[in-house]
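Each remark here refers to the structure printed beneath this line.
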Amino acid sequence: MAGIVKLANEFGLSYVVRGNGGSVFGLVFSDGIVMDMNRMKSIVIDRENWVAIVGPGVTSFEAQKEAYKYGLQDKYC
């Protein structure tokens, strides 16, 4: 991704990053490059430190389901 951003800047192209489509329209409007991160769905749970490292395509529901497997669900869920 960094290489794409460098090239876009070098050539004066606009770019936008799309996560999991959580915008009002579910789309990204751009006259330039759209970098779609939807398939970057990695989730790493560090139970000892109560930390979750998630990729940009992970929804909050997916993160909650993974946390539940480790007994880390929110007491209000």
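In the structure tokens, chains take the letters A, B, ... in the order shown, each chain's residues start at 1, and ligands count up from 1 in the order shown.
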Report the residues of chain A whose backbone DSSP state falls under strand (DSSP E), written as a list in words.
Tyr15, Val16, Val17, Arg18, Ile33, Val34, Met35, Asp36, Ile43, Val44, Ile45, Asp46, Val51, Ala52, Ile53 and Val54 of chain A
Which distance in Å separates atom CA of A:Leu13 and atom CA of A:Ile33, to one decimal?
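A separation of 7.4 Å between them.
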When distances are computed from only C-alpha atoms, which of A:Ser30, A:Gln73, A:Ser14, A:Asn38 shows the smallest separation from A:Gly57?
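When distances to A:Gly57 are compared using only C-alpha atoms, the smallest one comes from A:Asn38.
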Per DSSP on the backbone, filter chain A down to the residues in alpha helix (DSSP H) and report them as a list in words.
Ala2, Gly3, Ile4, Val5, Lys6, Leu7, Ala8, Asn9, Glu10, Phe11, Ser60, Phe61, Glu62, Ala63, Gln64, Lys65, Glu66, Ala67, Tyr68 and Lys69 of chain A
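Counting only C-alpha atoms, A:Gly19 has the following residues at most 9 Å away, ignoring those fewer than 4 positions along the same chain: A:Met35, A:Asp36, A:Met37, A:Asn38, A:Arg39, A:Met40, A:Gly55, A:Pro56, A:Gly57, A:Val58.
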Separation of atom CA of A:Arg18 from atom CA of A:Leu72 in Å
28.0 Å
